[in-house]
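Undergrad: Got a file for you: final-v7.txt, compact mmCIF, C-alpha atoms and all ligand atoms.
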```txt
# COMPACT_ATOMS: atom_id res chain seq x y z
CA MET A 148 -5.26 26.37 -13.21
CA ALA A 149 -7.77 24.37 -11.15
CA LYS A 150 -6.13 21.27 -9.70
CA LEU A 151 -7.75 17.86 -9.99
CA THR A 152 -9.41 16.80 -6.78
CA PHE A 153 -12.47 15.27 -5.06
CA LYS A 154 -15.10 16.51 -2.61
CA GLY A 155 -14.38 16.43 1.12
CA GLY A 156 -11.03 15.50 2.62
CA ILE A 157 -8.71 17.12 5.13
CA HIS A 158 -5.28 18.75 5.47
CA PRO A 159 -3.43 17.08 8.35
CA TYR A 160 0.18 17.97 9.31
CA ASP A 161 2.17 15.94 6.81
CA GLY A 162 5.48 15.32 8.64
CA LYS A 163 7.15 14.56 5.31
CA GLU A 164 10.03 16.96 5.94
CA LEU A 165 11.54 14.41 8.36
CA SER A 166 12.55 11.98 5.63
CA LYS A 167 11.89 13.45 2.19
CA ASP A 168 15.33 14.90 1.46
CA LYS A 169 17.44 11.85 2.25
CA PRO A 170 18.27 9.33 -0.48
CA ILE A 171 16.95 5.78 -0.22
CA LYS A 172 19.42 3.53 1.61
CA ALA A 173 19.72 -0.22 1.07
CA VAL A 174 19.47 -2.43 4.15
CA LEU A 175 21.29 -5.75 4.20
CA PRO A 176 19.56 -7.97 6.76
CA LYS A 177 21.71 -9.45 9.49
CA GLY A 178 19.40 -11.82 11.31
CA ASP A 179 16.91 -14.47 10.25
CA LEU A 180 14.39 -13.64 7.55
CA VAL A 181 10.74 -14.50 8.20
CA TYR A 182 8.36 -14.99 5.28
CA PRO A 183 4.68 -15.18 6.30
CA LEU A 184 2.67 -17.31 3.87
CA SER A 185 -0.19 -14.77 3.99
CA GLN A 186 1.12 -11.42 2.81
CA HIS A 187 -1.75 -10.86 0.41
CA ILE A 188 -5.51 -11.07 0.04
CA GLY A 189 -6.54 -14.64 -0.76
CA ALA A 190 -5.39 -18.15 0.03
CA PRO A 191 -2.08 -18.51 1.91
CA ALA A 192 0.91 -19.62 -0.17
CA LYS A 193 2.08 -23.24 0.21
CA PRO A 194 5.70 -23.99 1.19
CA ILE A 195 7.76 -25.87 -1.42
CA VAL A 196 10.93 -26.08 0.67
CA GLU A 197 11.71 -28.12 3.75
CA LYS A 198 13.49 -27.48 7.00
CA GLY A 199 17.24 -27.79 6.50
CA GLU A 200 17.13 -27.01 2.77
CA HIS A 201 19.59 -24.48 1.35
CA VAL A 202 17.96 -21.64 -0.61
CA LEU A 203 19.24 -18.86 -2.84
CA THR A 204 18.19 -15.24 -3.14
CA GLY A 205 15.33 -15.12 -5.65
CA GLN A 206 14.35 -18.77 -5.17
CA LYS A 207 10.65 -19.53 -4.90
CA ILE A 208 10.00 -20.96 -1.43
CA ALA A 209 6.19 -21.02 -1.45
CA GLU A 210 3.78 -21.32 -4.33
CA ALA A 211 0.39 -19.66 -4.73
CA GLY A 212 -2.24 -21.51 -2.69
CA GLY A 213 -5.12 -20.82 -5.09
CA PHE A 214 -6.19 -18.51 -7.88
CA VAL A 215 -6.34 -15.49 -5.58
CA SER A 216 -2.93 -15.94 -3.95
CA ALA A 217 0.73 -15.16 -4.58
CA PRO A 218 4.02 -17.06 -4.39
CA VAL A 219 6.79 -16.06 -1.97
CA TYR A 220 10.52 -15.82 -2.73
CA ALA A 221 13.64 -15.97 -0.57
CA THR A 222 15.35 -12.61 -0.41
CA VAL A 223 18.69 -13.89 0.93
CA SER A 224 20.64 -17.11 0.59
CA GLY A 225 20.73 -19.42 3.59
CA THR A 226 19.11 -22.40 5.25
CA VAL A 227 15.44 -22.98 5.98
CA LYS A 228 15.48 -23.00 9.76
CA ALA A 229 11.80 -23.56 10.45
CA ILE A 230 8.31 -23.57 8.98
CA GLU A 231 6.17 -22.48 11.89
CA PRO A 232 3.73 -19.80 13.04
CA ARG A 233 5.42 -16.46 13.65
CA ARG A 234 4.05 -13.16 14.93
CA VAL A 235 3.26 -10.62 12.20
CA VAL A 236 2.60 -6.91 12.35
CA THR A 237 -1.14 -7.29 13.03
CA GLY A 238 -0.32 -9.29 16.17
CA ASP A 239 -1.56 -12.54 14.62
CA ASN A 240 0.51 -15.70 14.41
CA VAL A 241 0.87 -16.66 10.76
CA MET A 242 2.51 -19.77 9.31
CA SER A 243 5.91 -18.60 8.03
CA ILE A 244 9.11 -19.87 6.47
CA VAL A 245 12.17 -18.83 8.48
CA VAL A 246 15.51 -18.60 6.64
CA GLU A 247 18.85 -18.32 8.43
CA ASN A 248 20.79 -15.76 6.42
CA ASP A 249 24.26 -17.03 5.39
CA GLY A 250 25.34 -13.47 4.56
CA ARG A 251 26.47 -14.46 1.06
CA TYR A 252 23.43 -13.23 -0.89
CA GLU A 253 23.94 -15.83 -3.63
CA GLU A 254 21.29 -15.45 -6.29
CA VAL A 255 19.43 -17.77 -8.62
CA LYS A 256 19.75 -17.27 -12.36
CA TYR A 257 16.65 -15.32 -13.30
CA PRO A 258 14.65 -16.49 -16.35
CA LYS A 259 15.62 -14.94 -19.67
CA VAL A 260 13.15 -12.29 -20.72
CA LYS A 261 11.89 -11.27 -24.15
CA PRO A 262 11.71 -7.59 -25.11
CA LEU A 263 8.35 -6.11 -24.12
CA GLU A 264 7.32 -5.63 -27.76
CA GLU A 265 7.62 -9.38 -28.37
CA MET A 266 5.68 -10.47 -25.30
CA THR A 267 2.06 -11.53 -25.56
CA ARG A 268 -0.60 -10.39 -23.13
CA ASP A 269 -0.70 -13.84 -21.50
CA GLU A 270 3.08 -13.94 -21.12
CA ILE A 271 3.11 -10.57 -19.34
CA ILE A 272 0.32 -11.54 -16.98
CA GLU A 273 1.96 -14.87 -16.23
CA ARG A 274 5.25 -13.11 -15.49
CA VAL A 275 3.53 -10.75 -13.03
CA ARG A 276 1.66 -13.65 -11.40
CA GLU A 277 4.79 -15.74 -11.09
CA ALA A 278 6.72 -12.80 -9.58
CA GLY A 279 4.35 -12.79 -6.60
CA ILE A 280 3.44 -9.13 -7.04
CA VAL A 281 0.57 -7.81 -4.93
CA GLY A 282 -0.76 -4.29 -4.35
CA MET A 283 2.04 -2.77 -2.31
CA GLY A 284 0.05 0.28 -1.22
CA GLY A 285 -1.38 -1.84 1.59
CA ALA A 286 -4.20 -3.76 -0.07
CA GLY A 287 -2.15 -6.84 -1.01
CA PHE A 288 -4.47 -7.84 -3.84
CA PRO A 289 -2.61 -10.01 -6.42
CA THR A 290 -1.66 -7.65 -9.24
CA PHE A 291 -2.06 -10.16 -12.09
CA ILE A 292 -5.81 -10.26 -11.37
CA LYS A 293 -6.02 -6.47 -11.62
CA LEU A 294 -4.25 -6.75 -14.96
CA SER A 295 -6.78 -9.31 -16.26
CA PRO A 296 -10.19 -7.59 -16.34
CA LYS A 297 -12.95 -9.33 -18.32
CA GLU A 298 -12.94 -6.68 -21.03
CA PRO A 299 -9.42 -5.24 -21.32
CA GLU A 300 -10.44 -3.27 -24.40
CA LYS A 301 -12.78 -1.20 -22.20
CA ILE A 302 -9.93 0.08 -20.02
CA ASP A 303 -9.22 3.62 -21.15
CA TYR A 304 -7.24 4.89 -18.15
CA VAL A 305 -4.19 3.44 -16.47
CA ILE A 306 -3.58 5.53 -13.37
CA ALA A 307 -0.21 5.50 -11.63
CA ASN A 308 -1.16 6.45 -8.10
CA CYS A 309 1.72 8.77 -7.20
CA ALA A 310 -0.34 10.87 -4.77
CA GLU A 311 1.24 9.60 -1.55
CA CYS A 312 -1.30 11.57 0.47
CA GLU A 313 -0.76 9.71 3.74
CA PRO A 314 1.17 11.96 6.18
CA TYR A 315 4.84 11.13 6.95
CA LEU A 316 5.24 8.70 4.02
CA THR A 317 7.86 9.66 1.44
CA SER A 318 8.81 6.37 -0.20
CA ASP A 319 6.95 7.07 -3.46
CA TYR A 320 8.40 10.58 -3.51
CA ARG A 321 11.98 9.25 -3.26
CA ARG A 322 11.28 6.49 -5.79
CA MET A 323 9.94 9.02 -8.29
CA LEU A 324 13.02 11.20 -7.83
CA GLU A 325 15.59 8.43 -7.85
CA GLU A 326 14.16 5.87 -10.31
CA PRO A 327 11.67 7.70 -12.52
CA GLU A 328 12.67 5.64 -15.59
CA LYS A 329 11.55 2.41 -13.90
CA LEU A 330 8.15 3.95 -13.16
CA VAL A 331 7.71 5.11 -16.76
CA ASP A 332 8.92 1.81 -18.25
CA GLY A 333 6.67 -0.05 -15.81
CA ILE A 334 3.68 1.98 -17.02
CA LYS A 335 4.53 0.97 -20.59
CA VAL A 336 3.85 -2.65 -19.59
CA TYR A 337 0.32 -1.63 -18.58
CA LEU A 338 -0.14 0.26 -21.85
CA LYS A 339 0.92 -2.84 -23.78
CA LEU A 340 -1.84 -4.78 -21.94
CA PHE A 341 -4.49 -2.09 -22.44
CA GLU A 342 -4.23 -0.90 -25.99
CA ASN A 343 -7.09 1.59 -25.77
CA ALA A 344 -5.79 3.22 -22.62
CA ARG A 345 -3.74 6.26 -21.88
CA ALA A 346 -1.67 6.48 -18.73
CA ILE A 347 -1.85 9.25 -16.18
CA LEU A 348 0.84 9.70 -13.57
CA ALA A 349 -1.23 11.42 -10.89
CA ILE A 350 0.92 13.33 -8.39
CA GLU A 351 -0.08 15.65 -5.54
CA ASP A 352 1.09 19.22 -6.10
CA ASN A 353 3.24 19.17 -2.96
CA LYS A 354 5.79 17.27 -5.09
CA PRO A 355 6.55 19.83 -7.83
CA ASP A 356 10.04 18.36 -8.41
CA CYS A 357 8.53 14.94 -9.25
CA ILE A 358 5.92 16.53 -11.51
CA GLU A 359 8.57 18.41 -13.46
CA LEU A 360 10.96 15.45 -13.67
CA LEU A 361 8.28 13.04 -14.91
CA LYS A 362 6.84 15.61 -17.32
CA ASN A 363 10.27 15.98 -18.91
CA LEU A 364 10.81 12.26 -19.04
CA THR A 365 7.46 11.63 -20.76
CA LYS A 366 7.31 14.68 -23.02
CA ASP A 367 7.60 12.52 -26.18
CA GLU A 368 5.26 9.79 -24.96
CA THR A 369 1.92 10.25 -26.69
CA ARG A 370 0.02 7.91 -24.38
CA ILE A 371 1.50 9.04 -21.05
CA SER A 372 0.82 12.30 -19.25
CA VAL A 373 1.48 13.74 -15.82
CA LYS A 374 -1.35 15.41 -13.88
CA ALA A 375 -1.07 17.49 -10.72
CA LEU A 376 -3.59 16.72 -8.01
CA LYS A 377 -4.58 19.09 -5.26
CA THR A 378 -2.76 18.11 -2.07
CA LYS A 379 -5.47 16.80 0.19
CA TYR A 380 -5.97 13.61 2.20
CA PRO A 381 -7.17 10.96 1.04
CA GLN A 382 -6.30 11.96 -2.51
CA GLY A 383 -4.52 8.63 -3.05
CA ALA A 384 -7.51 6.46 -2.08
CA GLU A 385 -8.60 4.48 -5.13
CA ARG A 386 -12.08 6.00 -5.48
CA GLN A 387 -10.84 9.54 -4.89
CA ILE A 388 -7.99 9.34 -7.37
CA ILE A 389 -10.25 7.83 -10.05
CA TYR A 390 -12.75 10.63 -9.51
CA ALA A 391 -10.07 13.33 -9.54
CA VAL A 392 -8.46 12.05 -12.73
CA THR A 393 -11.50 10.93 -14.75
CA GLY A 394 -14.58 12.41 -13.07
CA ARG A 395 -15.98 8.87 -12.79
CA SER A 396 -17.40 7.47 -9.56
CA ILE A 397 -17.28 3.93 -8.27
CA ASN A 398 -18.85 2.44 -5.17
CA SER A 399 -17.87 -0.43 -2.91
CA SER A 400 -19.54 -3.03 -5.13
CA MET A 401 -17.62 -1.90 -8.23
CA LEU A 402 -14.07 -2.45 -9.36
CA PRO A 403 -11.97 0.33 -10.95
CA ALA A 404 -12.23 -1.69 -14.20
CA ASP A 405 -16.02 -1.06 -14.13
CA ALA A 406 -15.15 2.61 -14.63
CA GLY A 407 -12.58 1.79 -17.34
CA CYS A 408 -9.63 2.23 -14.97
CA VAL A 409 -6.68 0.27 -13.68
CA VAL A 410 -4.94 1.87 -10.71
CA ASN A 411 -1.62 0.83 -9.17
CA ASN A 412 0.76 2.57 -6.82
CA VAL A 413 4.40 3.46 -7.51
CA ASP A 414 6.07 0.50 -5.76
CA THR A 415 3.75 -1.99 -7.48
CA ILE A 416 4.47 -0.54 -10.92
CA VAL A 417 8.22 -0.70 -10.25
CA ALA A 418 7.80 -4.34 -9.13
CA VAL A 419 6.07 -5.01 -12.47
CA TYR A 420 9.05 -3.36 -14.18
CA HIS A 421 11.50 -5.73 -12.44
CA ALA A 422 9.37 -8.78 -13.24
CA VAL A 423 8.79 -8.04 -16.92
CA TYR A 424 12.10 -6.44 -17.99
CA GLU A 425 14.45 -8.35 -15.68
CA GLY A 426 12.57 -11.56 -14.85
CA LYS A 427 12.94 -10.84 -11.12
CA PRO A 428 10.33 -11.74 -8.50
CA LEU A 429 9.12 -9.34 -5.83
CA MET A 430 11.87 -9.36 -3.22
CA ASN A 431 12.07 -5.90 -1.76
CA ARG A 432 10.16 -2.73 -1.13
CA ILE A 433 10.79 0.77 0.13
CA VAL A 434 9.85 1.44 3.74
CA THR A 435 9.73 4.90 5.33
CA VAL A 436 11.08 4.73 8.89
CA THR A 437 10.13 8.00 10.49
CA GLY A 438 8.58 9.96 13.34
CA ASP A 439 9.97 12.28 16.00
CA ALA A 440 11.23 9.33 18.08
CA VAL A 441 13.60 8.13 15.33
CA ALA A 442 17.20 9.40 15.31
CA ASP A 443 17.66 9.48 11.52
CA PRO A 444 14.30 9.16 9.73
CA ARG A 445 14.64 8.08 6.10
CA ASN A 446 13.61 5.59 3.42
CA PHE A 447 15.16 2.17 3.12
CA ILE A 448 15.03 -0.40 0.38
CA VAL A 449 14.31 -3.47 2.43
CA ARG A 450 14.43 -7.17 1.61
CA ILE A 451 11.05 -8.68 2.44
CA GLY A 452 11.36 -10.78 5.59
CA THR A 453 13.73 -8.33 7.35
CA ASN A 454 12.94 -7.80 11.04
CA TYR A 455 11.53 -4.37 12.01
CA HIS A 456 14.16 -4.06 14.78
CA GLU A 457 16.83 -3.98 12.08
CA LEU A 458 15.06 -1.10 10.32
CA ILE A 459 15.01 0.95 13.52
CA GLU A 460 18.70 0.15 14.03
CA GLU A 461 19.50 1.31 10.48
CA ALA A 462 17.67 4.56 11.24
CA GLY A 463 20.01 5.21 14.18
CA GLY A 464 17.68 3.79 16.83
CA PHE A 465 15.35 5.87 18.98
CA LYS A 466 16.46 9.28 20.17
CA GLN A 467 13.51 9.24 22.55
CA GLU A 468 11.41 6.26 23.57
CA PRO A 469 8.28 6.18 21.36
CA VAL A 470 4.89 6.06 23.04
CA LYS A 471 3.22 4.98 19.85
CA ILE A 472 4.49 2.90 16.90
CA ILE A 473 2.35 2.65 13.79
CA SER A 474 2.77 0.33 10.86
CA GLY A 475 1.86 2.56 7.89
CA GLY A 476 0.80 6.19 8.15
CA PRO A 477 -1.07 7.93 10.97
CA MET A 478 -4.41 7.95 9.10
CA MET A 479 -4.72 4.43 7.70
CA GLY A 480 -2.00 2.56 9.60
CA PHE A 481 -2.42 0.61 12.84
CA GLY A 482 -0.63 0.66 16.16
CA ILE A 483 1.89 -2.10 16.87
CA PHE A 484 3.27 -3.25 20.18
CA ASN A 485 6.06 -5.56 19.15
CA LEU A 486 8.87 -4.73 16.71
CA ASP A 487 9.94 -8.35 16.47
CA VAL A 488 7.98 -8.84 13.23
CA PRO A 489 9.03 -9.11 9.59
CA THR A 490 8.71 -6.62 6.75
CA THR A 491 6.08 -7.90 4.34
CA LYS A 492 5.09 -7.06 0.77
CA THR A 493 2.53 -4.52 2.04
CA ALA A 494 4.60 -2.79 4.76
CA SER A 495 4.90 0.85 3.70
CA ALA A 496 6.17 2.61 6.82
CA LEU A 497 7.16 2.43 10.44
CA LEU A 498 6.08 5.59 12.24
CA CYS A 499 7.42 6.10 15.78
CA LEU A 500 5.94 8.98 17.76
CA THR A 501 6.74 10.41 21.18
CA GLN A 502 3.14 11.47 21.74
CA ASP A 503 -0.11 9.63 21.33
CA ASP A 504 -2.60 12.40 20.60
CA VAL A 505 -5.46 9.98 19.99
CA SER A 506 -5.36 8.08 23.29
CA ARG A 507 -5.14 11.38 25.22
CA MET A 508 -8.46 12.53 23.81
CA GLU A 509 -11.59 12.17 25.92
CA PRO A 510 -14.66 11.79 23.69
CA SER A 511 -17.73 13.86 24.47
CA ALA A 512 -21.25 14.07 23.05
CA CYS A 513 -21.85 15.06 19.43
CA ILE A 514 -22.55 18.77 19.04
CA ASN A 515 -24.08 18.34 15.57
CA CYS A 516 -21.53 20.64 13.98
CA GLY A 517 -21.56 18.76 10.67
CA ARG A 518 -17.78 18.86 10.23
CA CYS A 519 -17.57 15.08 9.79
CA VAL A 520 -20.13 15.26 6.95
CA GLU A 521 -18.17 18.01 5.24
CA ALA A 522 -14.91 16.07 5.48
CA CYS A 523 -16.22 12.66 4.41
CA PRO A 524 -14.93 11.92 0.89
CA SER A 525 -17.55 9.18 0.50
CA ARG A 526 -20.41 11.69 1.05
CA LEU A 527 -21.69 9.85 4.13
CA VAL A 528 -23.05 11.05 7.48
CA PRO A 529 -20.36 9.64 9.81
CA SER A 530 -21.99 10.84 13.05
CA MET A 531 -25.13 8.85 12.26
CA LEU A 532 -23.26 5.78 10.98
CA ALA A 533 -21.16 5.69 14.13
CA ASP A 534 -24.36 5.78 16.22
CA TYR A 535 -25.83 2.89 14.23
CA ALA A 536 -22.56 0.97 14.61
CA GLU A 537 -22.35 1.59 18.36
CA TYR A 538 -25.94 0.39 18.90
CA TYR A 539 -25.60 -2.53 16.43
CA GLU A 540 -28.40 -1.22 14.25
CA GLU A 541 -27.31 -3.21 11.24
CA GLU A 542 -30.21 -2.46 8.91
CA GLU A 543 -29.95 1.28 9.48
CA PHE A 544 -26.17 1.12 9.02
CA LEU A 545 -26.51 -0.69 5.70
CA SER A 546 -29.41 1.39 4.39
CA HIS A 547 -27.40 4.57 5.07
CA ASP A 548 -24.50 3.26 2.95
CA GLY A 549 -22.20 2.35 5.82
CA MET A 550 -20.38 -0.09 3.57
CA GLU A 551 -19.29 2.81 1.33
CA CYS A 552 -16.92 4.06 4.04
CA CYS A 553 -13.30 3.79 2.88
CA GLU A 554 -12.03 3.99 6.49
CA CYS A 555 -9.97 7.08 5.71
CA GLY A 556 -10.24 8.56 9.21
CA CYS A 557 -11.19 12.09 8.06
CA CYS A 558 -14.34 12.19 10.22
CA SER A 559 -12.49 11.31 13.44
CA PHE A 560 -9.76 13.79 12.57
CA VAL A 561 -12.11 16.78 12.31
CA CYS A 562 -14.55 15.88 15.10
CA PRO A 563 -14.33 18.52 17.89
CA ALA A 564 -16.05 16.08 20.26
CA LYS A 565 -13.19 13.62 19.61
CA ARG A 566 -15.59 10.79 18.86
CA SER A 567 -13.90 7.67 17.49
CA LEU A 568 -16.20 7.66 14.49
CA THR A 569 -13.94 5.76 12.11
CA GLN A 570 -13.23 3.05 14.65
CA SER A 571 -16.93 2.41 15.27
CA ILE A 572 -17.79 2.39 11.57
CA LYS A 573 -14.80 0.19 10.77
CA SER A 574 -15.83 -2.41 13.38
CA MET A 575 -19.35 -2.60 11.98
CA ARG A 576 -18.03 -2.89 8.41
CA LYS A 577 -15.70 -5.69 9.45
CA MET A 578 -18.60 -7.53 11.04
CA GLN A 579 -20.75 -7.12 7.92
CA LEU A 580 -17.95 -8.27 5.62
CA ALA A 581 -17.33 -11.34 7.78
CA LYS A 582 -21.08 -12.13 7.68
CA LYS A 583 -21.13 -11.78 3.91
CA LYS A 584 -18.12 -14.08 3.56
CA LYS A 585 -19.83 -16.67 5.72
CA GLY A 586 -22.79 -16.49 3.36
S1 LIG B 1 -17.24 7.80 7.28
FE1 LIG B 1 -15.59 6.58 6.45
S2 LIG B 1 -15.19 7.50 4.46
FE2 LIG B 1 -16.35 9.00 5.63
S3 LIG B 1 -14.78 10.26 6.61
FE3 LIG B 1 -15.30 8.67 8.06
S4 LIG B 1 -13.79 7.09 7.70
FE4 LIG B 1 -13.75 8.42 5.90
S1 LIG B 2 -17.87 16.22 13.72
FE1 LIG B 2 -18.24 15.20 15.68
S2 LIG B 2 -19.42 16.68 16.84
FE2 LIG B 2 -19.50 17.35 14.71
S3 LIG B 2 -21.35 16.38 13.88
FE3 LIG B 2 -19.70 14.99 13.48
S4 LIG B 2 -19.74 13.59 15.22
FE4 LIG B 2 -20.90 15.37 15.83
```
Render the structure in this file as structure tokens.
Ligand code: SF4
Ligand code: SF4
TA:
Amino acid sequence: MAKLTFKGGIHPYDGKELSKDKPIKAVLPKGDLVYPLSQHIGAPAKPIVEKGEHVLTGQKIAEAGGFVSAPVYATVSGTVKAIEPRRVVTGDNVMSIVVENDGRYEEVKYPKVKPLEEMTRDEIIERVREAGIVGMGGAGFPTFIKLSPKEPEKIDYVIANCAECEPYLTSDYRRMLEEPEKLVDGIKVYLKLFENARAILAIEDNKPDCIELLKNLTKDETRISVKALKTKYPQGAERQIIYAVTGRSINSSMLPADAGCVVNNVDTIVAVYHAVYEGKPLMNRIVTVTGDAVADPRNFIVRIGTNYHELIEEAGGFKQEPVKIISGGPMMGFGIFNLDVPTTKTASALLCLTQDDVSRMEPSACINCGRCVEACPSRLVPSMLADYAEYYEEEEFLSHDGMECCECGCCSFVCPAKRSLTQSIKSMRKMQLAKKKKG
């Protein structure tokens, strides 16, 4: 049977064998917890605690700073040690709340919840908003906004993005194997919000065990089905998964809702499950700690705020000094130089490699082979866009749809001349977006 897919894409080495067969392990933080007030797209959260105050696990410590924003919760009990700028994974200094962990993990009493059937649409959305849930696949967009499109009756697809196409990452894979019921019950919340929709759990076909398990679990669910996607990067990118599942296309000026779709990744849907069925805010996430430099690569369930050093320690430390550390996967992640940073709501992986293939590459002139065009899932001409970007030819860049690039990295990956196409295009896009924001 033909597998669902999209045009373009690549097949990089996936490195998933390093961590995929080990169960998720819980990490109890030992040191201070650092909660940046900007862990999402939108206005920073505003602290509602003061230095010296005692806080409990699950207590709100910062409230949303605007409509597009998200509150932040303590993930341990302890004392607020400071509210000050702290270094985050991007290298920026971000205002943060620092909590000294008392090691007791005393919890608040979570609000009583009604059964899903008795909850109204507004109550569900409010619960998700209040829980501080944001897109945990990396985007960090507040989830309650995604769940509140202008015309909810026009949503006919809820897509659980279970592709996990990024190499090395296995957190969604383990979650699907270990907690499939939470994923399915989480999806039922979305179906309650979108009464005309059916849900598709879209999984790459390199995870046949997850496909079978979830098919069995949903065999009596008339509105939920499981679909196998062809394994190909970037199958899990929003536009590509929408196209693969529905045949509908969206561009950079459209939202998935414009194509009748709501898309969320596995961790986000499970966070919605905890918020709606248990009244719990977003306090932890699964992080894949992996790479050939790590002694015992595996997935950890991590309390947000936990220092990256502690994750490396939990994974047995380094067996060989890494030459490159990436936050996220090798395709969409970014290099980091300091592990003294906290785990945030959007931190999916810590990849530690003993070789840096990219920095060893010497770029040469384009040989017009066309491989970048063939690989581009957005149907662009990356070689040309990179030229426009490098020479700051803004009008040409825009008129040749440069803003439609999803920064997937496929063009750089296939280029035999080792041109840093994605990097050039990304820089120009960033500049254009900043200009647009400025008005
Ligand atoms: S131009 Fe953008 S979308 Fe196309 S392959 Fe390169 S990075 Fe991906
Ligand atoms: S893949 Fe590289 S060498 Fe080939 S056309 Fe694109 S930019 Fe030129």
Undergrad: Quick one: distance from CA of Leu360 (chain A) to CA of Thr393 (chain A) in Å, one decimal?
TA: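 Going from CA of Leu360 (chain A) over to CA of Thr393 (chain A) covers 22.9 Å.
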Undergrad: With a distance cut-off of 10 Å and all atoms listed in the file, select the neighbouring residues of region 538-548 of chain A, excluding the residue or stretch itself and same-chain residues fewer than 3 positions from it, and output the selection as a PyMOL selection string.
TA: chain A and resi 398-399+525-529+531-535+551-552+571-572+575-576+578-579
Undergrad: Please check which protein, DNA or RNA residues sit within 12 Å of ligand LIG 2 (chain B), counting only C-alpha atoms and all ligand atoms, and write them as a ChimeraX atom specification.
TA: /A:510-523,527-534,556-569,571-572
Undergrad: Can you work out the spacing between CA of Pro381 (chain A) and CA of Gly482 (chain A) in Å, to one decimal?
TA: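 If I compute the distance from CA of Pro381 (chain A) to CA of Gly482 (chain A), I get 19.4 Å.
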Undergrad: Which is closest to ligand LIG 1 (chain B) among A:Lys177, A:Lys585, A:Arg386, A:Arg345, if we use all atoms listed in the file?
TA: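 Comparing A:Lys177, A:Lys585, A:Arg386, A:Arg345 against ligand LIG 1 (chain B), the winner is A:Arg386.
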Undergrad: Within 7 Å of region 307-311 of chain A, counting only C-alpha atoms, which residues qualify if same-chain residues fewer than 6 places away don't, as a PyMOL selection string?
TA: chain A and resi 319+347-351+382-383+410-413
Undergrad: If we count only C-alpha atoms, what is near Asp414 (chain A) at a cut-off of 9 Å, once residues fewer than 4 positions away on the same chain are taken out, given as an NGL selection string?
TA: :A and (282-284 or 318-319 or 322 or 330 or 418-419 or 432-433)
Undergrad: Could you please determine the separation between CA of Lys228 (chain A) and CA of His201 (chain A) in Å, to one decimal place?
TA: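 Computing the Euclidean distance for CA of Lys228 (chain A) and CA of His201 (chain A) yields 9.5 Å.
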Undergrad: Could you work out an axis-aligned box for ligand LIG 1 (chain B), taking every atom the file lists and adding 4 Å on each side, and report centre and edge lengths in Å to one decimal, as AutoDock Vina command-line options?
TA:
```
--center_x -15.5 --center_y 8.4 --center_z 6.3 --size_x 11.5 --size_y 11.7 --size_z 11.6
```
Undergrad: With only C-alpha atoms as the counted atoms, please give the residues lying no more than 9 Å from Val275 (chain A), apart from itself and same-chain residues fewer than 4 positions off, as a list in words.
TA: Glu270, Ile271, Gly279, Ile280, Thr290, Phe291, Leu294, Ala418, Val419, Ala422, Val423 and Pro428 of chain A
Undergrad: If I only have part of region 256-266 of chain A, can you fill in N, CA and C atoms and write it as a PDB file, in the frame of the given file?
TA:
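Okay, out.pdb is ready:
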```
ATOM      1  N   LYS A 256      19.675 -17.863 -11.021  1.00  0.00           N
ATOM      2  CA  LYS A 256      19.750 -17.270 -12.360  1.00  0.00           C
ATOM      3  C   LYS A 256      18.313 -16.949 -12.748  1.00  0.00           C
ATOM      4  N   TYR A 257      18.031 -15.690 -12.982  1.00  0.00           N
ATOM      5  CA  TYR A 257      16.650 -15.320 -13.300  1.00  0.00           C
ATOM      6  C   TYR A 257      16.308 -15.739 -14.736  1.00  0.00           C
ATOM      7  N   PRO A 258      15.019 -16.051 -14.997  1.00  0.00           N
ATOM      8  CA  PRO A 258      14.650 -16.490 -16.350  1.00  0.00           C
ATOM      9  C   PRO A 258      14.953 -15.412 -17.398  1.00  0.00           C
ATOM     10  N   LYS A 259      15.328 -15.878 -18.572  1.00  0.00           N
ATOM     11  CA  LYS A 259      15.620 -14.940 -19.670  1.00  0.00           C
ATOM     12  C   LYS A 259      14.314 -14.247 -20.060  1.00  0.00           C
ATOM     13  N   VAL A 260      14.392 -12.983 -20.352  1.00  0.00           N
ATOM     14  CA  VAL A 260      13.150 -12.290 -20.720  1.00  0.00           C
ATOM     15  C   VAL A 260      13.204 -11.825 -22.174  1.00  0.00           C
ATOM     16  N   LYS A 261      12.006 -11.788 -22.774  1.00  0.00           N
ATOM     17  CA  LYS A 261      11.890 -11.270 -24.150  1.00  0.00           C
ATOM     18  C   LYS A 261      11.708  -9.764 -24.064  1.00  0.00           C
ATOM     19  N   PRO A 262      12.039  -9.020 -25.114  1.00  0.00           N
ATOM     20  CA  PRO A 262      11.710  -7.590 -25.110  1.00  0.00           C
ATOM     21  C   PRO A 262      10.198  -7.421 -24.993  1.00  0.00           C
ATOM     22  N   LEU A 263       9.776  -6.347 -24.346  1.00  0.00           N
ATOM     23  CA  LEU A 263       8.350  -6.110 -24.120  1.00  0.00           C
ATOM     24  C   LEU A 263       7.530  -6.212 -25.408  1.00  0.00           C
ATOM     25  N   GLU A 264       8.059  -5.639 -26.488  1.00  0.00           N
ATOM     26  CA  GLU A 264       7.320  -5.630 -27.760  1.00  0.00           C
ATOM     27  C   GLU A 264       6.989  -7.036 -28.237  1.00  0.00           C
ATOM     28  N   GLU A 265       7.838  -8.016 -27.873  1.00  0.00           N
ATOM     29  CA  GLU A 265       7.620  -9.380 -28.370  1.00  0.00           C
ATOM     30  C   GLU A 265       6.759 -10.223 -27.428  1.00  0.00           C
ATOM     31  N   MET A 266       6.455  -9.670 -26.266  1.00  0.00           N
ATOM     32  CA  MET A 266       5.680 -10.470 -25.300  1.00  0.00           C
ATOM     33  C   MET A 266       4.194 -10.399 -25.593  1.00  0.00           C
TER      34      MET A 266
END
```
